[in-house]
file my_file-v2.txt (compact mmCIF, C-alpha atoms (C1' of nucleotides))
# COMPACT_ATOMS: atom_id res chain seq x y z
CA MET A 1 18.33 -18.99 3.29
CA ALA A 2 19.47 -18.46 6.81
CA THR A 3 18.02 -21.31 8.86
CA PRO A 4 14.29 -20.69 9.17
CA ASP A 5 13.26 -19.96 12.73
CA PRO A 6 10.35 -21.68 14.53
CA LEU A 7 7.96 -18.98 13.34
CA ASP A 8 8.87 -19.64 9.72
CA LEU A 9 8.23 -23.35 10.26
CA ARG A 10 4.83 -22.71 11.79
CA ILE A 11 3.91 -20.52 8.82
CA LEU A 12 5.12 -23.26 6.47
CA VAL A 13 2.95 -25.88 8.12
CA LEU A 14 -0.09 -23.60 8.01
CA LEU A 15 0.44 -23.03 4.29
CA GLN A 16 0.91 -26.74 3.65
CA GLU A 17 -2.36 -27.48 5.40
CA ASP A 18 -4.15 -24.79 3.43
CA GLY A 19 -2.28 -22.98 0.71
CA ARG A 20 -5.06 -20.43 0.36
CA ARG A 21 -4.95 -19.24 3.94
CA THR A 22 -4.97 -15.47 4.16
CA VAL A 23 -2.03 -13.55 5.54
CA ALA A 24 -4.35 -12.11 8.19
CA ASP A 25 -5.41 -15.59 9.31
CA ILE A 26 -1.81 -16.76 9.60
CA ALA A 27 -0.88 -13.56 11.40
CA GLY A 28 -3.53 -14.26 14.02
CA ARG A 29 -2.31 -17.82 14.58
CA VAL A 30 1.36 -16.98 14.97
CA ALA A 31 0.79 -13.71 16.85
CA LEU A 32 2.45 -11.46 14.30
CA SER A 33 1.25 -8.59 12.14
CA PRO A 34 0.07 -9.38 8.61
CA THR A 35 2.94 -7.33 7.23
CA ALA A 36 5.54 -9.37 9.07
CA VAL A 37 3.92 -12.64 7.97
CA LYS A 38 3.83 -11.46 4.38
CA ARG A 39 7.51 -10.60 4.46
CA ARG A 40 8.40 -14.01 5.91
CA ILE A 41 6.39 -15.78 3.23
CA GLU A 42 8.11 -13.76 0.53
CA ARG A 43 11.46 -14.67 2.02
CA LEU A 44 10.56 -18.37 2.03
CA GLU A 45 9.44 -18.12 -1.60
CA ALA A 46 12.56 -16.24 -2.65
CA ALA A 47 14.76 -18.82 -0.91
CA GLY A 48 13.03 -21.61 -2.80
CA VAL A 49 11.68 -23.25 0.35
CA ILE A 50 8.17 -22.65 -0.94
CA THR A 51 8.25 -23.60 -4.62
CA GLY A 52 4.63 -22.84 -5.35
CA TYR A 53 1.02 -23.54 -4.48
CA SER A 54 -1.21 -26.31 -5.80
CA ALA A 55 -4.73 -27.60 -5.67
CA ARG A 56 -4.77 -31.18 -4.38
CA VAL A 57 -6.71 -33.33 -6.82
CA ASP A 58 -8.34 -36.71 -6.20
CA TYR A 59 -7.83 -38.47 -9.52
CA THR A 60 -10.06 -41.39 -8.61
CA LYS A 61 -12.95 -38.94 -8.73
CA LEU A 62 -12.04 -38.22 -12.34
CA GLY A 63 -12.11 -41.84 -13.43
CA TRP A 64 -8.39 -42.44 -13.05
CA GLY A 65 -8.74 -45.15 -10.42
CA ILE A 66 -5.45 -47.02 -10.90
CA ALA A 67 -2.11 -45.85 -9.61
CA ALA A 68 1.08 -47.88 -9.59
CA PHE A 69 4.78 -47.70 -8.97
CA THR A 70 6.67 -49.20 -11.87
CA GLU A 71 10.36 -49.87 -11.43
CA LEU A 72 12.31 -49.56 -14.67
CA ARG A 73 15.66 -51.10 -15.54
CA PHE A 74 17.53 -49.58 -18.47
CA THR A 75 20.35 -50.80 -20.69
CA GLY A 76 23.78 -50.06 -19.29
CA THR A 77 24.48 -47.37 -21.83
CA THR A 78 21.41 -45.25 -21.08
CA SER A 79 22.25 -41.89 -19.51
CA PRO A 80 20.25 -40.65 -16.50
CA GLY A 81 18.88 -37.84 -18.63
CA ASP A 82 17.60 -40.29 -21.22
CA MET A 83 15.99 -42.38 -18.48
CA ASP A 84 14.10 -39.35 -17.28
CA ARG A 85 13.08 -38.39 -20.78
CA VAL A 86 11.86 -41.85 -21.74
CA ALA A 87 9.78 -42.20 -18.58
CA ALA A 88 8.47 -38.64 -18.47
CA GLY A 89 7.59 -38.83 -22.14
CA ILE A 90 4.66 -41.11 -21.38
CA PRO A 91 1.67 -38.92 -20.49
CA GLU A 92 0.38 -41.32 -17.83
CA VAL A 93 3.63 -41.00 -15.87
CA CYS A 94 3.07 -38.49 -13.05
CA ALA A 95 6.46 -38.65 -11.40
CA VAL A 96 9.90 -40.05 -12.17
CA TYR A 97 12.30 -40.97 -9.38
CA THR A 98 15.88 -41.91 -10.14
CA THR A 99 16.91 -44.32 -7.43
CA ALA A 100 19.98 -46.09 -6.18
CA GLY A 101 19.62 -49.84 -5.81
CA ASN A 102 19.04 -52.67 -8.20
CA HIS A 103 16.84 -50.78 -10.59
CA ASP A 104 17.26 -47.36 -12.04
CA VAL A 105 14.00 -45.46 -12.08
CA THR A 106 10.68 -45.69 -10.29
CA ALA A 107 7.75 -44.13 -12.12
CA LEU A 108 4.42 -43.20 -10.59
CA ILE A 109 1.80 -44.08 -13.18
CA ARG A 110 -1.90 -43.27 -13.23
CA ALA A 111 -4.35 -45.10 -15.48
CA ARG A 112 -8.08 -45.51 -16.02
CA SER A 113 -8.07 -49.28 -15.66
CA VAL A 114 -5.78 -52.27 -15.40
CA GLU A 115 -5.96 -52.68 -19.16
CA HIS A 116 -4.89 -49.08 -19.53
CA LEU A 117 -2.03 -49.65 -17.07
CA ARG A 118 -0.92 -52.69 -19.04
CA ASP A 119 -0.90 -50.57 -22.18
CA VAL A 120 1.21 -47.89 -20.49
CA ILE A 121 3.76 -50.45 -19.32
CA HIS A 122 3.87 -51.89 -22.81
CA ARG A 123 4.57 -48.47 -24.25
CA LEU A 124 7.47 -48.10 -21.80
CA ARG A 125 8.88 -51.50 -22.72
CA VAL A 126 8.88 -50.88 -26.45
CA SER A 127 10.65 -47.54 -26.08
CA GLY A 128 13.95 -49.29 -26.67
CA SER A 129 16.24 -48.63 -23.73
CA ILE A 130 14.16 -50.38 -21.05
CA VAL A 131 15.13 -53.99 -20.40
CA GLY A 132 12.81 -54.80 -17.51
CA THR A 133 9.91 -53.53 -15.42
CA ARG A 134 8.32 -54.47 -12.12
CA THR A 135 4.97 -52.95 -11.19
CA HIS A 136 3.26 -52.56 -7.83
CA VAL A 137 -0.34 -51.47 -8.04
CA ILE A 138 -1.22 -49.06 -5.23
CA LEU A 139 -4.22 -50.33 -3.27
CA ASP A 140 -4.32 -47.56 -0.71
CA ALA A 141 -2.37 -44.36 -0.16
CA HIS A 142 -1.92 -42.21 2.91
CA VAL A 143 -0.03 -39.05 2.08
CA LYS A 144 0.77 -36.63 4.88
CA ASP A 145 0.03 -33.46 2.93
CA ASP A 146 1.18 -31.26 5.75
CA TRP A 147 4.20 -33.36 6.65
CA HIS A 148 6.86 -31.32 8.23
CA PRO A 149 10.14 -32.55 9.61
CA GLU A 150 10.55 -30.26 12.56
CA LEU A 151 7.21 -31.16 14.06
CA ASP A 152 8.54 -34.20 15.86
CA GLY A 153 11.87 -35.11 14.33
CA MET B 1 -19.72 -35.70 -9.74
CA ALA B 2 -21.15 -35.65 -13.22
CA THR B 3 -18.23 -36.03 -15.60
CA PRO B 4 -16.32 -32.74 -15.54
CA ASP B 5 -16.37 -30.98 -18.88
CA PRO B 6 -13.29 -29.60 -20.64
CA LEU B 7 -13.75 -26.24 -18.95
CA ASP B 8 -13.66 -27.84 -15.52
CA LEU B 9 -10.46 -29.64 -16.49
CA ARG B 10 -8.83 -26.43 -17.66
CA ILE B 11 -9.75 -24.78 -14.37
CA LEU B 12 -8.32 -27.78 -12.50
CA VAL B 13 -5.01 -27.55 -14.33
CA LEU B 14 -4.78 -23.82 -13.69
CA LEU B 15 -5.33 -24.40 -9.98
CA GLN B 16 -2.78 -27.21 -9.90
CA GLU B 17 -0.21 -24.94 -11.51
CA ASP B 18 -0.97 -22.16 -9.05
CA GLY B 19 -3.41 -22.84 -6.24
CA ARG B 20 -3.54 -19.16 -5.34
CA ARG B 21 -4.78 -17.94 -8.70
CA THR B 22 -7.66 -15.54 -8.31
CA VAL B 23 -11.09 -16.31 -9.70
CA ALA B 24 -10.78 -13.28 -11.97
CA ASP B 25 -7.49 -14.52 -13.42
CA ILE B 26 -8.94 -17.95 -14.18
CA ALA B 27 -12.06 -16.38 -15.66
CA GLY B 28 -9.92 -14.43 -18.11
CA ARG B 29 -8.00 -17.52 -19.20
CA VAL B 30 -11.04 -19.73 -19.80
CA ALA B 31 -13.25 -16.95 -21.19
CA LEU B 32 -15.94 -17.20 -18.54
CA SER B 33 -17.33 -14.78 -15.98
CA PRO B 34 -15.78 -14.83 -12.50
CA THR B 35 -19.11 -15.91 -11.05
CA ALA B 36 -19.32 -18.94 -13.33
CA VAL B 37 -15.74 -19.92 -12.53
CA LYS B 38 -16.43 -19.59 -8.82
CA ARG B 39 -19.43 -21.90 -9.10
CA ARG B 40 -17.43 -24.51 -10.98
CA ILE B 41 -14.64 -24.43 -8.40
CA GLU B 42 -17.15 -24.83 -5.59
CA ARG B 43 -18.69 -27.77 -7.41
CA LEU B 44 -15.28 -29.41 -7.84
CA GLU B 45 -14.54 -28.89 -4.15
CA ALA B 46 -17.93 -30.23 -3.05
CA ALA B 47 -17.52 -33.30 -5.27
CA GLY B 48 -14.15 -34.05 -3.67
CA VAL B 49 -12.24 -33.61 -6.92
CA ILE B 50 -10.33 -30.76 -5.31
CA THR B 51 -9.45 -31.98 -1.82
CA GLY B 52 -7.60 -28.87 -0.71
CA TYR B 53 -4.76 -26.49 -1.43
CA SER B 54 -1.13 -26.76 -0.39
CA ALA B 55 2.12 -24.91 -0.48
CA ARG B 56 4.78 -26.96 -2.27
CA VAL B 57 7.84 -27.23 -0.06
CA ASP B 58 11.41 -28.06 -1.06
CA TYR B 59 12.64 -30.07 1.91
CA THR B 60 16.23 -30.12 0.71
CA LYS B 61 16.29 -26.38 1.39
CA LEU B 62 15.41 -27.15 5.01
CA GLY B 63 18.26 -29.58 5.53
CA TRP B 64 16.25 -32.73 4.81
CA GLY B 65 18.31 -33.79 1.83
CA ILE B 66 17.62 -37.54 1.81
CA ALA B 67 14.45 -39.15 0.48
CA ALA B 68 13.89 -42.86 -0.05
CA PHE B 69 11.30 -45.44 -0.91
CA THR B 70 11.39 -48.25 1.63
CA GLU B 71 9.41 -51.39 0.89
CA LEU B 72 8.16 -53.12 4.02
CA ARG B 73 7.22 -56.77 4.37
CA PHE B 74 5.06 -57.64 7.35
CA THR B 75 4.30 -60.88 9.17
CA GLY B 76 1.41 -62.78 7.64
CA THR B 77 -0.91 -61.99 10.53
CA THR B 78 -0.57 -58.18 10.29
CA SER B 79 -3.75 -56.45 9.15
CA PRO B 80 -3.58 -53.73 6.49
CA GLY B 81 -4.69 -51.21 9.11
CA ASP B 82 -1.83 -52.16 11.41
CA MET B 83 0.62 -51.90 8.51
CA ASP B 84 -0.51 -48.35 7.88
CA ARG B 85 -0.34 -47.47 11.55
CA VAL B 86 3.13 -48.89 12.09
CA ALA B 87 4.53 -47.09 9.06
CA ALA B 88 2.69 -43.81 9.56
CA GLY B 89 3.66 -43.81 13.23
CA ILE B 90 7.25 -42.93 12.33
CA PRO B 91 7.48 -39.14 11.98
CA GLU B 92 9.97 -39.32 9.09
CA VAL B 93 7.48 -41.28 6.99
CA CYS B 94 5.77 -38.83 4.61
CA ALA B 95 3.53 -41.25 2.75
CA VAL B 96 2.40 -44.85 3.05
CA TYR B 97 1.34 -46.84 -0.01
CA THR B 98 -0.25 -50.27 0.35
CA THR B 99 0.69 -52.16 -2.78
CA ALA B 100 -0.29 -55.40 -4.44
CA GLY B 101 2.45 -57.79 -5.39
CA ASN B 102 3.65 -59.01 -2.03
CA HIS B 103 0.97 -57.60 0.26
CA ASP B 104 3.57 -54.99 0.92
CA VAL B 105 3.79 -51.40 1.92
CA THR B 106 6.01 -48.78 0.33
CA ALA B 107 6.89 -45.84 2.57
CA LEU B 108 8.25 -42.51 1.39
CA ILE B 109 10.81 -41.47 3.99
CA ARG B 110 12.62 -38.18 4.42
CA ALA B 111 15.75 -37.81 6.51
CA ARG B 112 18.52 -35.35 7.24
CA SER B 113 21.36 -37.70 6.34
CA VAL B 114 22.10 -41.30 5.46
CA GLU B 115 22.77 -42.00 9.14
CA HIS B 116 19.39 -40.57 9.98
CA LEU B 117 17.79 -42.73 7.27
CA ARG B 118 19.48 -45.80 8.69
CA ASP B 119 18.08 -44.91 12.10
CA VAL B 120 14.57 -44.54 10.70
CA ILE B 121 14.75 -47.93 8.99
CA HIS B 122 16.03 -49.44 12.22
CA ARG B 123 13.06 -48.00 14.10
CA LEU B 124 10.74 -49.59 11.54
CA ARG B 125 12.44 -52.97 11.84
CA VAL B 126 12.23 -53.12 15.63
CA SER B 127 8.54 -52.24 15.62
CA GLY B 128 7.70 -55.94 15.75
CA SER B 129 5.53 -56.83 12.79
CA ILE B 130 8.02 -55.99 10.05
CA VAL B 131 10.08 -58.92 8.82
CA GLY B 132 11.99 -57.26 6.01
CA THR B 133 12.79 -53.96 4.33
CA ARG B 134 14.27 -52.89 1.04
CA THR B 135 15.28 -49.29 0.55
CA HIS B 136 15.87 -47.27 -2.60
CA VAL B 137 17.42 -43.88 -2.02
CA ILE B 138 15.98 -41.27 -4.37
CA LEU B 139 18.76 -39.56 -6.31
CA ASP B 140 16.58 -37.31 -8.39
CA ALA B 141 12.86 -36.62 -8.61
CA HIS B 142 10.74 -35.12 -11.34
CA VAL B 143 7.16 -34.66 -10.17
CA LYS B 144 4.62 -33.28 -12.62
CA ASP B 145 2.85 -31.02 -10.15
CA ASP B 146 0.26 -30.05 -12.68
CA TRP B 147 -0.18 -33.51 -14.13
CA HIS B 148 -3.57 -33.97 -15.57
CA PRO B 149 -4.83 -37.06 -17.35
CA GLU B 150 -7.03 -35.46 -19.96
CA LEU B 151 -4.25 -33.26 -21.30
CA ASP B 152 -2.99 -35.91 -23.67
CA GLY B 153 -4.50 -39.19 -22.60
C1' DT C 1 -23.05 -6.86 -13.67
C1' DC C 2 -22.30 -3.87 -9.94
C1' DT C 3 -21.28 -2.46 -5.08
C1' DG C 4 -19.88 -2.83 -0.12
C1' DA C 5 -16.71 -5.34 2.59
C1' DA C 6 -12.46 -7.62 3.25
C1' DA C 7 -7.93 -8.84 2.12
C1' DG C 8 -3.50 -7.85 -0.01
C1' DT C 9 0.28 -4.45 -1.08
C1' DC C 10 3.51 -0.87 -0.34
C1' DG C 11 6.14 2.85 1.86
C1' DC C 12 7.67 4.79 6.15
C1' DC C 13 9.20 4.60 10.89
C1' DG C 14 10.57 2.57 15.50
C1' DT C 15 13.12 -0.99 17.84
C1' DT C 16 16.72 -4.35 18.57
C1' DC C 17 21.02 -6.61 18.17
C1' DG D 1 23.67 0.05 10.58
C1' DA D 2 21.28 -3.93 9.11
C1' DA D 3 17.21 -6.67 9.92
C1' DC D 4 12.73 -7.23 11.50
C1' DG D 5 8.14 -5.88 13.20
C1' DG D 6 4.24 -2.52 13.18
C1' DC D 7 1.14 1.15 11.33
C1' DG D 8 -1.61 3.39 7.82
C1' DA D 9 -3.12 4.52 3.02
C1' DC D 10 -3.93 2.65 -1.51
C1' DT D 11 -5.35 -1.21 -4.57
C1' DT D 12 -7.30 -5.50 -5.75
C1' DT D 13 -10.29 -9.26 -4.90
C1' DC D 14 -14.27 -11.40 -3.11
C1' DA D 15 -19.45 -12.16 -2.13
C1' DG D 16 -24.34 -11.01 -2.56
C1' DA D 17 -27.89 -9.00 -4.71
call {"tool": "encode", "arguments": {"input": "my_file-v2.txt", "output": "structure tokens"}}
result
Amino acid sequence: MATPDPLDLRILVLLQEDGRRTVADIAGRVALSPTAVKRRIERLEAAGVITGYSARVDYTKLGWGIAAFTELRFTGTTSPGDMDRVAAGIPEVCAVYTTAGNHDVTALIRARSVEHLRDVIHRLRVSGSIVGTRTHVILDAHVKDDWHPELDG
Amino acid sequence: MATPDPLDLRILVLLQEDGRRTVADIAGRVALSPTAVKRRIERLEAAGVITGYSARVDYTKLGWGIAAFTELRFTGTTSPGDMDRVAAGIPEVCAVYTTAGNHDVTALIRARSVEHLRDVIHRLRVSGSIVGTRTHVILDAHVKDDWHPELDG
DNA sequence: TCTGAAAGTCGCCGTTC
DNA sequence: GAACGGCGACTTTCAGA
């Protein structure tokens, strides 16, 4: 899309903070009519800047108290697509990041317990193409849900 | 909260897929009355299972094309709280994960360019308490936005 | 389950660049 | 004239009884 103007960015931040905000509410905060706000939101959605809306879920409240980053190293002949498929094929894997550096993929894993996590890592290791793993259990996470670049940077 | 039943989980998944779904729409999909669905959602929110709603934003479309995991090692006397503060104090840091393994922190950083990323890492390194960094640029990311444990696990 | 109130949606028109 | 903002009528959704 044509570079979003400051008004678009303010609308974006408001929708990141609360994705269920009403158009009228946003209109009041940015001093625009609801119609104009609606049209801007539709433009942002059409341009792919807004890819969707989600409920934020606290998995610890559901008994999934363990989260970890597991770095995966694959055999030299494994294609990037296969790396993704192997990692994403495990249900407990929530996200797969292909990275540059000395390993190939970082997977965000959620599990019910450390035993469960160990089991997940084992399942990854026996999948065939993985030759090594390194796991960092997440003790504490601070995610800026409403992070937005233009705010300060 | 009391362990959520399968209906709660289905509602959760629907709201993760699309946080703006109407109560009536969800009611139709889970074969419940809108009132009952509303009550369940309110219970999930009150219990902290649903922590909020967000627009999903594609930062690459906004000119922030670089994302990276940077692992930070701090001096032995740095408290976990200070680690969080130092990392989160940089605007380009989107998330801070305290991890076990090396009493480390992993930061998710977004930047406009590799030069910008280098600048961000430099700002982290001169902050005083950081003695080492290791950065993995993210080449490709697959996040399961609607990931939900009970679906298969 | 139903009803009043509120929000969203759409077409049309004025203004600006 | 193309793009954007505003106004008003119609439709859907929400909240309380």
call {"tool": "interface_residues", "arguments": {"input": "my_file-v2.txt", "of": "chain B", "to": "chain D", "cutoff": "10 Å", "atoms": "all atoms listed in the file", "output": "JSON, numbers by chain"}}
result
{"B": [22, 23, 24, 35]}
call {"tool": "calpha_fit_rmsd", "arguments": {"input": "my_file-v2.txt", "fixed": "chain B", "moving": "chain A"}}
result
0.5 Å
call {"tool": "closest_residue", "arguments": {"input": "my_file-v2.txt", "among": "B:Thr133, B:Ser33, B:Thr75, B:Thr98", "to": "chain C", "atoms": "only C-alpha atoms (C1' of nucleotides)"}}
result
B:Ser33
call {"tool": "atom_distance", "arguments": {"input": "my_file-v2.txt", "atom1": "atom CA of A:Gly65", "atom2": "atom CA of B:Glu92"}}
result
27.7 Å
call {"tool": "residues_around", "arguments": {"input": "my_file-v2.txt", "residues": "B:Ala111", "least_positions_apart": "6", "cutoff": "6 Å", "atoms": "all atoms listed in the file", "output": "JSON, numbers by chain"}}
result
{"B": [64, 66, 117]}
call {"tool": "closest_residue", "arguments": {"input": "my_file-v2.txt", "among": "B:Pro34, B:Arg118, B:Val49, B:Ser129", "to": "chain C", "atoms": "all atoms listed in the file"}}
result
B:Pro34
call {"tool": "atom_distance", "arguments": {"input": "my_file-v2.txt", "atom1": "atom CA of A:Leu108", "atom2": "atom CA of A:His136"}}
result
9.8 Å
call {"tool": "interface_residues", "arguments": {"input": "my_file-v2.txt", "of": "chain B", "to": "chain A", "cutoff": "7 Å", "atoms": "only C-alpha atoms", "output": "ChimeraX atom specification"}}
result
/B:15-20,48-58,61,91-92,94-101,136-144,147,149,152-153
call {"tool": "write_last_selection", "arguments": {"input": "my_file-v2.txt", "atoms": "C-alpha atoms", "output": "compact mmCIF listing (two decimals), in the coordinates of the input"}}
result
# COMPACT_ATOMS: atom_id res chain seq x y z
CA LEU B 15 -5.33 -24.40 -9.98
CA GLN B 16 -2.78 -27.21 -9.90
CA GLU B 17 -0.21 -24.94 -11.51
CA ASP B 18 -0.97 -22.16 -9.05
CA GLY B 19 -3.41 -22.84 -6.24
CA ARG B 20 -3.54 -19.16 -5.34
CA GLY B 48 -14.15 -34.05 -3.67
CA VAL B 49 -12.24 -33.61 -6.92
CA ILE B 50 -10.33 -30.76 -5.31
CA THR B 51 -9.45 -31.98 -1.82
CA GLY B 52 -7.60 -28.87 -0.71
CA TYR B 53 -4.76 -26.49 -1.43
CA SER B 54 -1.13 -26.76 -0.39
CA ALA B 55 2.12 -24.91 -0.48
CA ARG B 56 4.78 -26.96 -2.27
CA VAL B 57 7.84 -27.23 -0.06
CA ASP B 58 11.41 -28.06 -1.06
CA LYS B 61 16.29 -26.38 1.39
CA PRO B 91 7.48 -39.14 11.98
CA GLU B 92 9.97 -39.32 9.09
CA CYS B 94 5.77 -38.83 4.61
CA ALA B 95 3.53 -41.25 2.75
CA VAL B 96 2.40 -44.85 3.05
CA TYR B 97 1.34 -46.84 -0.01
CA THR B 98 -0.25 -50.27 0.35
CA THR B 99 0.69 -52.16 -2.78
CA ALA B 100 -0.29 -55.40 -4.44
CA GLY B 101 2.45 -57.79 -5.39
CA HIS B 136 15.87 -47.27 -2.60
CA VAL B 137 17.42 -43.88 -2.02
CA ILE B 138 15.98 -41.27 -4.37
CA LEU B 139 18.76 -39.56 -6.31
CA ASP B 140 16.58 -37.31 -8.39
CA ALA B 141 12.86 -36.62 -8.61
CA HIS B 142 10.74 -35.12 -11.34
CA VAL B 143 7.16 -34.66 -10.17
CA LYS B 144 4.62 -33.28 -12.62
CA TRP B 147 -0.18 -33.51 -14.13
CA PRO B 149 -4.83 -37.06 -17.35
CA ASP B 152 -2.99 -35.91 -23.67
CA GLY B 153 -4.50 -39.19 -22.60
call {"tool": "atom_distance", "arguments": {"input": "my_file-v2.txt", "atom1": "atom CA of B:Ile11", "atom2": "atom CA of B:Ile26"}}
result
6.9 Å
call {"tool": "interface_residues", "arguments": {"input": "my_file-v2.txt", "of": "chain C", "to": "chain A", "cutoff": "10 Å", "atoms": "all atoms listed in the file", "output": "PyMOL selection string"}}
result
chain C and resi 7-10
call {"tool": "write_last_selection", "arguments": {"input": "my_file-v2.txt", "atoms": "C-alpha atoms (C1' of nucleotides)", "output": "mmCIF file, in the frame of the given file"}}
result
data_model
loop_
_atom_site.group_PDB
_atom_site.id
_atom_site.type_symbol
_atom_site.label_atom_id
_atom_site.label_comp_id
_atom_site.auth_asym_id
_atom_site.auth_seq_id
_atom_site.Cartn_x
_atom_site.Cartn_y
_atom_site.Cartn_z
ATOM 1 C "C1'" DA C 7 -7.930 -8.840 2.120
ATOM 2 C "C1'" DG C 8 -3.500 -7.850 -0.010
ATOM 3 C "C1'" DT C 9 0.280 -4.450 -1.080
ATOM 4 C "C1'" DC C 10 3.510 -0.870 -0.340
#
call {"tool": "closest_residue", "arguments": {"input": "my_file-v2.txt", "among": "B:Ala27, B:Val86, B:Ile109, B:Val114", "to": "B:Ile130", "atoms": "all atoms listed in the file"}}
result
B:Val86
call {"tool": "axis_aligned_box", "arguments": {"input": "my_file-v2.txt", "around": "stretch 94-110 of chain A", "padding_each_side": "6 Å", "output": "JSON"}}
result
{"center_x": 9.0, "center_y": -45.6, "center_z": -9.5, "size_x": 33.9, "size_y": 26.2, "size_z": 19.4}
call {"tool": "closest_residue", "arguments": {"input": "my_file-v2.txt", "among": "A:Ala87, A:Val30, A:Leu7, A:Ala36", "to": "A:Gly128", "atoms": "only C-alpha atoms"}}
result
A:Ala87
call {"tool": "build_atoms", "arguments": {"input": "my_file-v2.txt", "residues": "stretch 25-31 of chain A", "atoms": "all heavy atoms", "output": "compact mmCIF listing (two decimals), keeping the file's coordinate frame"}}
result
# COMPACT_ATOMS: atom_id res chain seq x y z
N ASP A 25 -5.12 -14.38 8.53
CA ASP A 25 -5.41 -15.59 9.31
C ASP A 25 -4.13 -16.14 9.93
O ASP A 25 -4.08 -16.45 11.12
CB ASP A 25 -6.07 -16.64 8.41
CG ASP A 25 -6.31 -17.94 9.14
OD1 ASP A 25 -7.13 -17.94 10.07
OD2 ASP A 25 -5.66 -18.94 8.80
N ILE A 26 -3.09 -16.25 9.11
CA ILE A 26 -1.81 -16.76 9.60
C ILE A 26 -1.27 -15.84 10.69
O ILE A 26 -0.80 -16.28 11.73
CB ILE A 26 -0.79 -16.89 8.45
CG1 ILE A 26 -1.29 -17.92 7.43
CG2 ILE A 26 0.59 -17.26 8.96
CD1 ILE A 26 -0.51 -17.96 6.14
N ALA A 27 -1.39 -14.54 10.44
CA ALA A 27 -0.88 -13.56 11.40
C ALA A 27 -1.52 -13.77 12.77
O ALA A 27 -0.85 -13.73 13.80
CB ALA A 27 -1.15 -12.15 10.89
N GLY A 28 -2.84 -14.02 12.75
CA GLY A 28 -3.53 -14.26 14.02
C GLY A 28 -3.02 -15.49 14.74
O GLY A 28 -2.85 -15.49 15.96
N ARG A 29 -2.71 -16.55 13.98
CA ARG A 29 -2.31 -17.82 14.58
C ARG A 29 -0.88 -17.79 15.11
O ARG A 29 -0.56 -18.54 16.04
CB ARG A 29 -2.45 -18.95 13.56
CG ARG A 29 -3.90 -19.26 13.22
CD ARG A 29 -3.99 -20.21 12.04
NE ARG A 29 -5.34 -20.27 11.51
CZ ARG A 29 -6.25 -21.14 11.91
NH1 ARG A 29 -5.94 -22.02 12.83
NH2 ARG A 29 -7.46 -21.14 11.41
N VAL A 30 -0.02 -17.00 14.50
CA VAL A 30 1.36 -16.98 14.97
C VAL A 30 1.66 -15.71 15.78
O VAL A 30 2.81 -15.49 16.16
CB VAL A 30 2.37 -17.11 13.80
CG1 VAL A 30 2.14 -18.39 13.04
CG2 VAL A 30 2.29 -15.90 12.89
N ALA A 31 0.63 -14.91 16.04
CA ALA A 31 0.79 -13.71 16.85
C ALA A 31 1.82 -12.75 16.25
O ALA A 31 2.80 -12.36 16.91
CB ALA A 31 1.16 -14.08 18.30
